[in-house]
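Data from run.csv: CSV, C-alpha atoms
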```csv
chain,number,residue,atom,x,y,z
J,19,GLN,CA,3.7,0.4,26.8
J,20,LYS,CA,5.5,1.8,29.7
J,21,GLU,CA,4.1,5.0,31.2
J,22,VAL,CA,7.4,6.9,30.6
J,23,GLU,CA,9.5,6.1,27.6
J,24,GLN,CA,13.1,7.3,27.3
J,25,ASP,CA,15.9,6.3,24.8
J,26,PRO,CA,18.6,4.8,26.9
J,27,GLY,CA,21.4,5.9,24.6
J,28,PRO,CA,24.3,6.0,25.2
J,29,LEU,CA,24.8,9.5,24.0
J,30,SER,CA,28.4,10.9,23.5
J,31,VAL,CA,29.1,14.5,22.8
J,32,PRO,CA,32.1,16.8,22.8
J,33,GLU,CA,32.6,19.3,25.6
J,34,GLY,CA,30.7,22.5,24.9
J,35,ALA,CA,27.9,20.9,22.8
J,36,ILE,CA,24.2,21.4,23.4
J,37,VAL,CA,22.6,18.2,24.6
J,38,SER,CA,19.0,17.4,24.1
J,39,LEU,CA,17.4,14.6,26.2
J,40,ASN,CA,13.8,13.5,25.6
J,41,CYS,CA,11.0,11.4,27.0
J,42,THR,CA,7.4,10.7,26.1
J,43,TYR,CA,4.7,9.7,28.6
J,44,SER,CA,1.3,8.1,28.2
J,45,ASN,CA,-0.6,9.1,31.4
J,46,SER,CA,-2.6,12.2,30.9
J,47,ALA,CA,-3.0,12.7,34.6
J,48,PHE,CA,0.7,13.5,35.0
J,49,GLN,CA,1.1,17.2,36.0
J,50,TYR,CA,4.6,17.3,37.6
J,51,PHE,CA,7.7,16.3,35.7
J,52,MET,CA,11.2,15.8,37.0
J,53,TRP,CA,14.6,15.3,35.7
J,54,TYR,CA,17.0,13.5,37.9
J,55,ARG,CA,20.8,13.1,37.4
J,56,GLN,CA,22.4,9.9,38.5
J,57,TYR,CA,26.2,9.4,38.7
J,58,SER,CA,27.5,5.9,38.6
J,59,ARG,CA,26.8,4.0,41.9
J,60,LYS,CA,25.0,7.0,43.4
J,61,GLY,CA,21.4,7.7,44.1
J,62,PRO,CA,19.4,10.0,41.7
J,63,GLU,CA,19.5,13.8,42.5
J,64,LEU,CA,16.9,16.2,41.4
J,65,LEU,CA,18.0,18.6,38.6
J,66,MET,CA,14.9,20.2,37.3
J,67,TYR,CA,11.2,20.2,38.2
J,68,THR,CA,8.3,21.6,36.1
J,69,TYR,CA,4.6,21.7,36.6
J,70,SER,CA,2.3,21.3,33.6
J,71,SER,CA,3.3,22.7,30.3
J,72,GLY,CA,6.0,25.2,29.6
J,73,ASN,CA,9.7,25.9,30.0
J,74,LYS,CA,11.9,26.3,33.1
J,75,GLU,CA,15.5,27.4,33.0
J,76,ASP,CA,18.2,27.0,35.6
J,77,GLY,CA,21.7,28.0,34.6
J,78,ARG,CA,22.8,25.8,31.7
J,79,PHE,CA,19.7,23.6,32.0
J,80,THR,CA,16.3,24.1,30.4
J,81,ALA,CA,13.4,21.8,31.0
J,82,GLN,CA,10.4,21.8,28.6
J,83,VAL,CA,7.0,20.0,28.9
J,84,ASP,CA,4.5,19.8,26.0
J,85,LYS,CA,1.4,18.2,27.4
J,86,SER,CA,-0.4,18.3,24.1
J,87,SER,CA,2.2,15.9,22.7
J,88,LYS,CA,3.1,14.3,26.0
J,89,TYR,CA,6.7,15.2,25.4
J,90,ILE,CA,9.4,16.1,28.0
J,91,SER,CA,12.8,17.6,27.1
J,92,LEU,CA,15.9,18.6,28.9
J,93,PHE,CA,18.5,20.8,27.2
J,94,ILE,CA,22.0,21.2,28.5
J,95,ARG,CA,24.0,24.1,27.1
J,96,ASP,CA,27.8,24.3,27.1
J,97,SER,CA,28.1,20.7,28.3
J,98,GLN,CA,30.9,19.8,30.6
J,99,PRO,CA,32.7,16.5,31.3
J,100,SER,CA,31.1,16.7,34.8
J,101,ASP,CA,27.7,16.4,33.2
J,102,SER,CA,28.5,12.8,32.3
J,103,ALA,CA,25.9,10.8,34.1
J,104,THR,CA,22.6,9.0,33.5
J,105,TYR,CA,19.6,11.4,33.2
J,106,LEU,CA,16.2,10.1,34.3
J,107,CYS,CA,12.9,11.7,33.5
J,108,ALA,CA,10.0,11.1,35.7
J,109,GLY,CA,6.4,12.0,36.2
J,110,TYR,CA,4.2,11.7,39.3
J,111,GLY,CA,1.9,8.7,39.2
J,112,GLY,CA,-0.7,7.3,41.6
J,113,SER,CA,-2.6,9.2,44.2
J,114,GLN,CA,0.2,9.4,46.7
J,115,GLY,CA,3.1,10.8,44.7
J,116,ASN,CA,5.3,7.9,43.8
J,117,LEU,CA,7.5,8.8,40.8
J,118,ILE,CA,7.3,6.9,37.5
J,119,PHE,CA,10.7,6.9,35.8
J,120,GLY,CA,12.0,6.4,32.3
J,121,LYS,CA,14.9,4.0,31.7
J,122,GLY,CA,17.4,6.9,31.8
J,123,THR,CA,19.8,8.1,29.1
J,124,LYS,CA,23.5,7.7,29.7
J,125,LEU,CA,25.4,10.8,28.6
J,126,SER,CA,29.1,11.1,28.1
J,127,VAL,CA,30.7,14.5,27.5
J,128,LYS,CA,34.2,14.1,26.1
J,129,PRO,CA,36.9,16.8,26.9
Y,22,GLY,CA,22.7,18.5,56.9
Y,23,ALA,CA,22.6,14.7,56.6
Y,24,GLY,CA,20.9,13.2,53.6
Y,25,VAL,CA,19.1,9.9,53.2
Y,26,SER,CA,21.4,7.0,54.3
Y,27,GLN,CA,21.1,3.4,53.5
Y,28,THR,CA,22.8,0.3,54.9
Y,29,PRO,CA,24.4,-1.9,53.9
Y,30,SER,CA,25.8,-0.3,50.7
Y,31,ASN,CA,26.3,-3.8,49.3
Y,32,LYS,CA,24.7,-7.1,50.2
Y,33,VAL,CA,25.6,-10.5,48.7
Y,34,THR,CA,23.4,-13.4,49.7
Y,35,GLU,CA,22.5,-16.9,48.5
Y,36,LYS,CA,19.3,-17.9,46.9
Y,37,GLY,CA,16.7,-18.7,49.5
Y,38,LYS,CA,18.1,-16.5,52.2
Y,39,TYR,CA,16.4,-13.7,54.1
Y,40,VAL,CA,17.7,-10.1,53.8
Y,41,GLU,CA,16.9,-6.8,55.5
Y,42,LEU,CA,17.8,-3.4,54.0
Y,43,ARG,CA,17.7,-0.3,56.1
Y,44,CYS,CA,16.9,3.3,55.3
Y,45,ASP,CA,17.4,6.4,57.4
Y,46,PRO,CA,15.4,9.3,55.9
Y,47,ILE,CA,16.1,13.0,56.3
Y,48,SER,CA,15.0,14.1,59.8
Y,49,GLY,CA,11.5,15.5,59.8
Y,50,HIS,CA,10.4,13.9,56.5
Y,51,THR,CA,7.1,12.2,57.0
Y,52,ALA,CA,7.1,10.4,53.6
Y,53,LEU,CA,9.4,7.6,52.7
Y,54,TYR,CA,9.6,5.6,49.5
Y,55,TRP,CA,11.3,2.4,48.4
Y,56,TYR,CA,12.3,1.9,44.7
Y,57,ARG,CA,14.1,-0.9,43.0
Y,58,GLN,CA,16.5,-0.2,40.1
Y,59,SER,CA,17.6,-3.1,37.9
Y,60,LEU,CA,20.6,-2.8,35.6
Y,61,GLY,CA,19.9,-0.4,32.7
Y,62,GLN,CA,16.5,0.6,34.0
Y,63,GLY,CA,15.0,3.5,35.9
Y,64,PRO,CA,13.9,3.1,39.5
Y,65,GLU,CA,10.6,1.3,39.9
Y,66,PHE,CA,8.3,2.1,42.8
Y,67,LEU,CA,7.8,-0.5,45.5
Y,68,ILE,CA,6.1,1.1,48.5
Y,69,TYR,CA,5.3,4.4,50.1
Y,70,PHE,CA,5.0,5.3,53.8
Y,71,GLN,CA,3.3,8.3,55.3
Y,72,GLY,CA,4.4,8.3,58.9
Y,73,THR,CA,4.3,4.8,60.3
Y,74,GLY,CA,1.7,3.4,57.8
Y,75,ALA,CA,2.2,2.0,54.3
Y,76,ALA,CA,0.0,4.3,52.2
Y,77,ASP,CA,0.6,2.5,49.0
Y,78,ASP,CA,2.3,-0.9,48.6
Y,79,SER,CA,1.1,-1.6,45.1
Y,80,GLY,CA,4.6,-1.8,43.7
Y,81,LEU,CA,5.7,-4.8,45.9
Y,82,PRO,CA,6.2,-7.6,43.4
Y,83,ASN,CA,5.0,-10.4,45.6
Y,84,ASP,CA,4.5,-11.5,49.2
Y,85,ARG,CA,8.2,-12.2,49.7
Y,86,PHE,CA,8.7,-8.5,50.0
Y,87,PHE,CA,7.6,-6.6,53.1
Y,88,ALA,CA,8.6,-3.2,54.6
Y,89,VAL,CA,8.1,-1.6,58.0
Y,90,ARG,CA,8.5,1.9,59.5
Y,91,PRO,CA,7.5,1.3,63.1
Y,92,GLU,CA,8.4,4.8,64.5
Y,93,GLY,CA,7.8,6.9,61.5
Y,94,SER,CA,11.5,7.4,60.7
Y,95,VAL,CA,13.8,4.5,59.9
Y,96,SER,CA,12.4,1.9,57.5
Y,97,THR,CA,13.4,-1.7,56.8
Y,98,LEU,CA,12.7,-3.5,53.6
Y,99,LYS,CA,12.6,-7.3,54.2
Y,100,ILE,CA,12.9,-9.9,51.4
Y,101,GLN,CA,12.2,-13.5,52.2
Y,102,ARG,CA,13.4,-16.5,50.2
Y,103,THR,CA,15.5,-14.4,47.9
Y,104,GLU,CA,15.7,-15.2,44.2
Y,105,ARG,CA,18.3,-14.4,41.6
Y,106,GLY,CA,15.8,-12.0,40.0
Y,107,ASP,CA,15.8,-9.9,43.2
Y,108,SER,CA,19.3,-8.7,42.4
Y,109,ALA,CA,19.1,-4.9,41.9
Y,110,VAL,CA,19.9,-1.6,43.6
Y,111,TYR,CA,17.3,-0.8,46.2
Y,112,LEU,CA,16.8,2.9,46.6
Y,113,CYS,CA,15.1,4.7,49.4
Y,114,ALA,CA,13.8,8.3,49.1
Y,115,SER,CA,12.2,10.7,51.5
Y,116,SER,CA,10.1,13.8,51.1
Y,117,LEU,CA,8.8,16.4,53.6
Y,118,SER,CA,5.1,15.7,53.3
Y,119,GLY,CA,4.5,13.2,50.5
Y,120,THR,CA,2.2,15.5,48.5
Y,121,ARG,CA,2.4,15.2,44.8
Y,122,GLY,CA,5.2,17.5,43.5
Y,123,ASP,CA,7.2,17.3,46.8
Y,124,GLU,CA,10.9,16.8,46.1
Y,125,GLN,CA,12.0,13.3,46.8
Y,126,PHE,CA,15.6,13.0,48.1
Y,127,PHE,CA,17.3,9.7,47.3
Y,128,GLY,CA,19.8,7.7,49.3
Y,129,PRO,CA,22.8,6.0,47.6
Y,130,GLY,CA,21.1,2.7,47.5
Y,131,THR,CA,21.8,-0.9,48.6
Y,132,ARG,CA,23.2,-3.1,45.9
Y,133,LEU,CA,21.8,-6.6,46.4
Y,134,THR,CA,23.3,-9.6,44.7
Y,135,VAL,CA,21.6,-12.9,45.0
Y,136,LEU,CA,23.9,-15.8,44.0
```
Mind turning the file's structure into structure tokens?
Amino acid sequence: QKEVEQDPGPLSVPEGAIVSLNCTYSNSAFQYFMWYRQYSRKGPELLMYTYSSGNKEDGRFTAQVDKSSKYISLFIRDSQPSDSATYLCAGYGGSQGNLIFGKGTKLSVKP
Amino acid sequence: GAGVSQTPSNKVTEKGKYVELRCDPISGHTALYWYRQSLGQGPEFLIYFQGTGAADDSGLPNDRFFAVRPEGSVSTLKIQRTERGDSAVYLCASSLSGTRGDEQFFGPGTRLTVL
């Protein structure tokens, strides 16, 4: 079992839809959780960052962590075509801070 | 300001050849990470530098892979006797201090193709 599991999709939604992206993780030591967005042929860029359990909101994006069920979610409201990208969830593993990523979910928002 | 840069952006080589991939981190960032991203997968950790020293190289797949950061800024990932399975995008990231939770900024990657 991989430490971070993520459904690779692809996921296709119409513009304006609410998008829900999810990951599960197995390492109980994870405390920091990240969502990165990666456009085609680009490096990942940090979207959201949460510590421990709870919600965090930033504009149209909301990140949720439920440590009791080891479940990480990202919600995108009023999705836009420019949101079309691969979304990667990650947790911090090891003692030195390397990230452990899921496979990524490819999202396409159709105009 | 300038982000993380990587050169070359693309590298095509033949099986058995030696390649070097370069990473220029954000100025002032002491921590530098190398990851490898295969098609359809998330990035996988290779090695982490804190300053000039490799603090964690547990992700290097075998002894054909080696990385250096001699002056604590630019890093080079070296792959000897390349194999077709080495084909992937090699990503470099840097962070200010390397503490857990520190934001890692990624470069655009080097796309390596081994024929």
>> If I take atom CA of Glu23 of chain J and atom CA of Asn73 of chain J, how far is one from the other in Å, to one decimal?
In response: 19.9 Å
Report as a PDB file with C-alpha atoms, in the frame of the given file all protein, DNA and RNA residues lying within 6 Å of segment 52-61 of chain Y, evaluated on all atoms listed in the file, omitting residues in the same chain fewer than 3 positions from it.
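The result, stored in around.pdb:
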```pdb
ATOM      1  CA  PRO Y  64      13.900   3.100  39.500  1.00  0.00           C
ATOM      2  CA  GLU Y  65      10.600   1.300  39.900  1.00  0.00           C
ATOM      3  CA  PHE Y  66       8.300   2.100  42.800  1.00  0.00           C
ATOM      4  CA  LEU Y  67       7.800  -0.500  45.500  1.00  0.00           C
ATOM      5  CA  ILE Y  68       6.100   1.100  48.500  1.00  0.00           C
ATOM      6  CA  TYR Y  69       5.300   4.400  50.100  1.00  0.00           C
ATOM      7  CA  PHE Y  70       5.000   5.300  53.800  1.00  0.00           C
ATOM      8  CA  GLN Y  71       3.300   8.300  55.300  1.00  0.00           C
ATOM      9  CA  ALA Y 109      19.100  -4.900  41.900  1.00  0.00           C
ATOM     10  CA  VAL Y 110      19.900  -1.600  43.600  1.00  0.00           C
ATOM     11  CA  TYR Y 111      17.300  -0.800  46.200  1.00  0.00           C
ATOM     12  CA  LEU Y 112      16.800   2.900  46.600  1.00  0.00           C
ATOM     13  CA  CYS Y 113      15.100   4.700  49.400  1.00  0.00           C
ATOM     14  CA  ALA Y 114      13.800   8.300  49.100  1.00  0.00           C
ATOM     15  CA  SER Y 115      12.200  10.700  51.500  1.00  0.00           C
ATOM     16  CA  SER Y 116      10.100  13.800  51.100  1.00  0.00           C
ATOM     17  CA  SER Y 118       5.100  15.700  53.300  1.00  0.00           C
ATOM     18  CA  GLY Y 119       4.500  13.200  50.500  1.00  0.00           C
TER      19      GLY Y 119
END
```
For chain J against chain Y, with a cut-off of 10 Å and counting only C-alpha atoms, what is the closest atom pair and its distance in Å to one decimal for every residue that makes the cut, ordered by chain and number, as JSON lines?
```
{"residue": "J:Val22", "atom": "CA", "partner": "Y:Gly63", "partner_atom": "CA", "distance": 9.9}
{"residue": "J:Gln24", "atom": "CA", "partner": "Y:Gly63", "partner_atom": "CA", "distance": 9.6}
{"residue": "J:Pro26", "atom": "CA", "partner": "Y:Gly61", "partner_atom": "CA", "distance": 7.9}
{"residue": "J:Gln49", "atom": "CA", "partner": "Y:Gly122", "partner_atom": "CA", "distance": 8.6}
{"residue": "J:Tyr50", "atom": "CA", "partner": "Y:Gly122", "partner_atom": "CA", "distance": 5.9}
{"residue": "J:Phe51", "atom": "CA", "partner": "Y:Gly122", "partner_atom": "CA", "distance": 8.3}
{"residue": "J:Met52", "atom": "CA", "partner": "Y:Gly122", "partner_atom": "CA", "distance": 9.0}
{"residue": "J:Gln56", "atom": "CA", "partner": "Y:Pro129", "partner_atom": "CA", "distance": 9.9}
{"residue": "J:Arg59", "atom": "CA", "partner": "Y:Pro129", "partner_atom": "CA", "distance": 7.2}
{"residue": "J:Lys60", "atom": "CA", "partner": "Y:Pro129", "partner_atom": "CA", "distance": 4.8}
{"residue": "J:Gly61", "atom": "CA", "partner": "Y:Pro129", "partner_atom": "CA", "distance": 4.1}
{"residue": "J:Pro62", "atom": "CA", "partner": "Y:Phe127", "partner_atom": "CA", "distance": 6.0}
{"residue": "J:Glu63", "atom": "CA", "partner": "Y:Phe127", "partner_atom": "CA", "distance": 6.7}
{"residue": "J:Leu64", "atom": "CA", "partner": "Y:Phe126", "partner_atom": "CA", "distance": 7.5}
{"residue": "J:Tyr67", "atom": "CA", "partner": "Y:Gly122", "partner_atom": "CA", "distance": 8.4}
{"residue": "J:Thr68", "atom": "CA", "partner": "Y:Gly122", "partner_atom": "CA", "distance": 9.0}
{"residue": "J:Tyr69", "atom": "CA", "partner": "Y:Gly122", "partner_atom": "CA", "distance": 8.1}
{"residue": "J:Thr104", "atom": "CA", "partner": "Y:Gly63", "partner_atom": "CA", "distance": 9.7}
{"residue": "J:Tyr105", "atom": "CA", "partner": "Y:Gly63", "partner_atom": "CA", "distance": 9.5}
{"residue": "J:Leu106", "atom": "CA", "partner": "Y:Gly63", "partner_atom": "CA", "distance": 6.9}
{"residue": "J:Cys107", "atom": "CA", "partner": "Y:Gly63", "partner_atom": "CA", "distance": 8.8}
{"residue": "J:Ala108", "atom": "CA", "partner": "Y:Gly63", "partner_atom": "CA", "distance": 9.1}
{"residue": "J:Gly109", "atom": "CA", "partner": "Y:Gly122", "partner_atom": "CA", "distance": 9.2}
{"residue": "J:Tyr110", "atom": "CA", "partner": "Y:Arg121", "partner_atom": "CA", "distance": 6.8}
{"residue": "J:Gly111", "atom": "CA", "partner": "Y:Arg121", "partner_atom": "CA", "distance": 8.6}
{"residue": "J:Gly112", "atom": "CA", "partner": "Y:Asp77", "partner_atom": "CA", "distance": 8.9}
{"residue": "J:Ser113", "atom": "CA", "partner": "Y:Arg121", "partner_atom": "CA", "distance": 7.8}
{"residue": "J:Gln114", "atom": "CA", "partner": "Y:Arg121", "partner_atom": "CA", "distance": 6.5}
{"residue": "J:Gly115", "atom": "CA", "partner": "Y:Arg121", "partner_atom": "CA", "distance": 4.5}
{"residue": "J:Asn116", "atom": "CA", "partner": "Y:Phe66", "partner_atom": "CA", "distance": 6.6}
{"residue": "J:Leu117", "atom": "CA", "partner": "Y:Phe66", "partner_atom": "CA", "distance": 7.0}
{"residue": "J:Ile118", "atom": "CA", "partner": "Y:Glu65", "partner_atom": "CA", "distance": 6.9}
{"residue": "J:Phe119", "atom": "CA", "partner": "Y:Gly63", "partner_atom": "CA", "distance": 5.5}
{"residue": "J:Gly120", "atom": "CA", "partner": "Y:Gly63", "partner_atom": "CA", "distance": 5.5}
{"residue": "J:Lys121", "atom": "CA", "partner": "Y:Gly63", "partner_atom": "CA", "distance": 4.2}
{"residue": "J:Gly122", "atom": "CA", "partner": "Y:Gly63", "partner_atom": "CA", "distance": 5.8}
{"residue": "J:Thr123", "atom": "CA", "partner": "Y:Gly61", "partner_atom": "CA", "distance": 9.2}
{"residue": "J:Lys124", "atom": "CA", "partner": "Y:Gly61", "partner_atom": "CA", "distance": 9.4}
```
> Which neighbours of Phe79 of chain J fall inside 9 Å, counting only C-alpha atoms, when residues of the same chain fewer than 4 positions from it are skipped, and could you give them as a list of chain:residue names?
Replying inline: J:Leu65, J:Met66, J:Lys74, J:Glu75, J:Leu92, J:Phe93, J:Ile94, J:Arg95
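With only C-alpha atoms as the basis for measurement, Y:Pro29 is the residue among Y:Pro29, Y:Pro46, Y:Gly72, Y:Gly93 that approaches Leu133 of chain Y most closely.
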> Which polymer residues have any atom within 12 Å of an atom of Gly37 of chain Y, counting all atoms listed in the file, with same-chain residues fewer than 3 positions away left out, as a ChimeraX atom specification?
Replying inline: /Y:34,40,85,100-107,135-136
> atom CA of Leu117 of chain Y to atom CA of Ser48 of chain Y: how many Å, to one decimal?
Replying inline: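 Value for the atom CA of Leu117 of chain Y-atom CA of Ser48 of chain Y distance: 9.1 Å.
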> What does the distance from atom CA of Glu92 of chain Y to atom CA of Leu42 of chain Y come to in Å, to one decimal?
Replying inline: 16.3 Å
Using only C-alpha atoms, list the residues that have an atom at most 12 Å from (0.5, 3.1, 25.3), coordinates as in the file, as a compact mmCIF listing (two decimals) with C-alpha atoms, in the coordinates of the input.
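Contents of the output file part.txt:
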```txt
# COMPACT_ATOMS: atom_id res chain seq x y z
CA GLN J 19 3.70 0.40 26.80
CA LYS J 20 5.50 1.80 29.70
CA GLU J 21 4.10 5.00 31.20
CA VAL J 22 7.40 6.90 30.60
CA GLU J 23 9.50 6.10 27.60
CA THR J 42 7.40 10.70 26.10
CA TYR J 43 4.70 9.70 28.60
CA SER J 44 1.30 8.10 28.20
CA ASN J 45 -0.60 9.10 31.40
CA SER J 46 -2.60 12.20 30.90
CA LYS J 88 3.10 14.30 26.00
```
> Smallest atom-to-atom distance to Asp96 of chain J: which of J:Gly77, J:Pro129, J:Gly34, J:Gly27, using all atoms listed in the file?
Replying inline: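 Among J:Gly77, J:Pro129, J:Gly34, J:Gly27, it is J:Gly34 that comes nearest to Asp96 of chain J.
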Export segment 82-93 of chain Y from the structure block above, keeping N, CA and C atoms, as a JSON list (two decimals), in the first residue's frame.
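Below is the file part26.json, written as the result:
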```
[["chain", "number", "residue", "atom", "x", "y", "z"],
["Y", 82, "PRO", "N", 17.37, 5.40, -6.20],
["Y", 82, "PRO", "CA", 17.01, 4.01, -6.49],
["Y", 82, "PRO", "C", 18.18, 3.03, -6.46],
["Y", 83, "ASN", "N", 19.36, 3.48, -6.82],
["Y", 83, "ASN", "CA", 20.53, 2.59, -6.82],
["Y", 83, "ASN", "C", 21.78, 3.45, -6.94],
["Y", 84, "ASP", "N", 22.94, 2.79, -6.98],
["Y", 84, "ASP", "CA", 24.19, 3.55, -6.97],
["Y", 84, "ASP", "C", 24.55, 4.18, -8.31],
["Y", 85, "ARG", "N", 23.69, 4.06, -9.30],
["Y", 85, "ARG", "CA", 23.93, 4.80, -10.55],
["Y", 85, "ARG", "C", 23.56, 6.27, -10.40],
["Y", 86, "PHE", "N", 22.79, 6.58, -9.37],
["Y", 86, "PHE", "CA", 22.32, 7.93, -9.13],
["Y", 86, "PHE", "C", 23.17, 8.58, -8.04],
["Y", 87, "PHE", "N", 23.57, 9.81, -8.30],
["Y", 87, "PHE", "CA", 24.38, 10.55, -7.34],
["Y", 87, "PHE", "C", 24.07, 12.03, -7.49],
["Y", 88, "ALA", "N", 24.12, 12.78, -6.41],
["Y", 88, "ALA", "CA", 23.85, 14.22, -6.50],
["Y", 88, "ALA", "C", 24.84, 14.96, -5.63],
["Y", 89, "VAL", "N", 25.16, 16.17, -6.04],
["Y", 89, "VAL", "CA", 26.08, 17.02, -5.29],
["Y", 89, "VAL", "C", 25.53, 18.42, -5.19],
["Y", 90, "ARG", "N", 26.01, 19.13, -4.18],
["Y", 90, "ARG", "CA", 25.66, 20.55, -4.00],
["Y", 90, "ARG", "C", 26.87, 21.20, -3.32],
["Y", 91, "PRO", "N", 27.97, 21.34, -4.05],
["Y", 91, "PRO", "CA", 29.27, 21.66, -3.44],
["Y", 91, "PRO", "C", 29.36, 23.00, -2.72],
["Y", 92, "GLU", "N", 28.58, 23.99, -3.15],
["Y", 92, "GLU", "CA", 28.68, 25.31, -2.52],
["Y", 92, "GLU", "C", 27.38, 25.70, -1.83],
["Y", 93, "GLY", "N", 26.50, 24.76, -1.68],
["Y", 93, "GLY", "CA", 25.26, 25.03, -0.95],
["Y", 93, "GLY", "C", 24.22, 25.77, -1.73]]
```
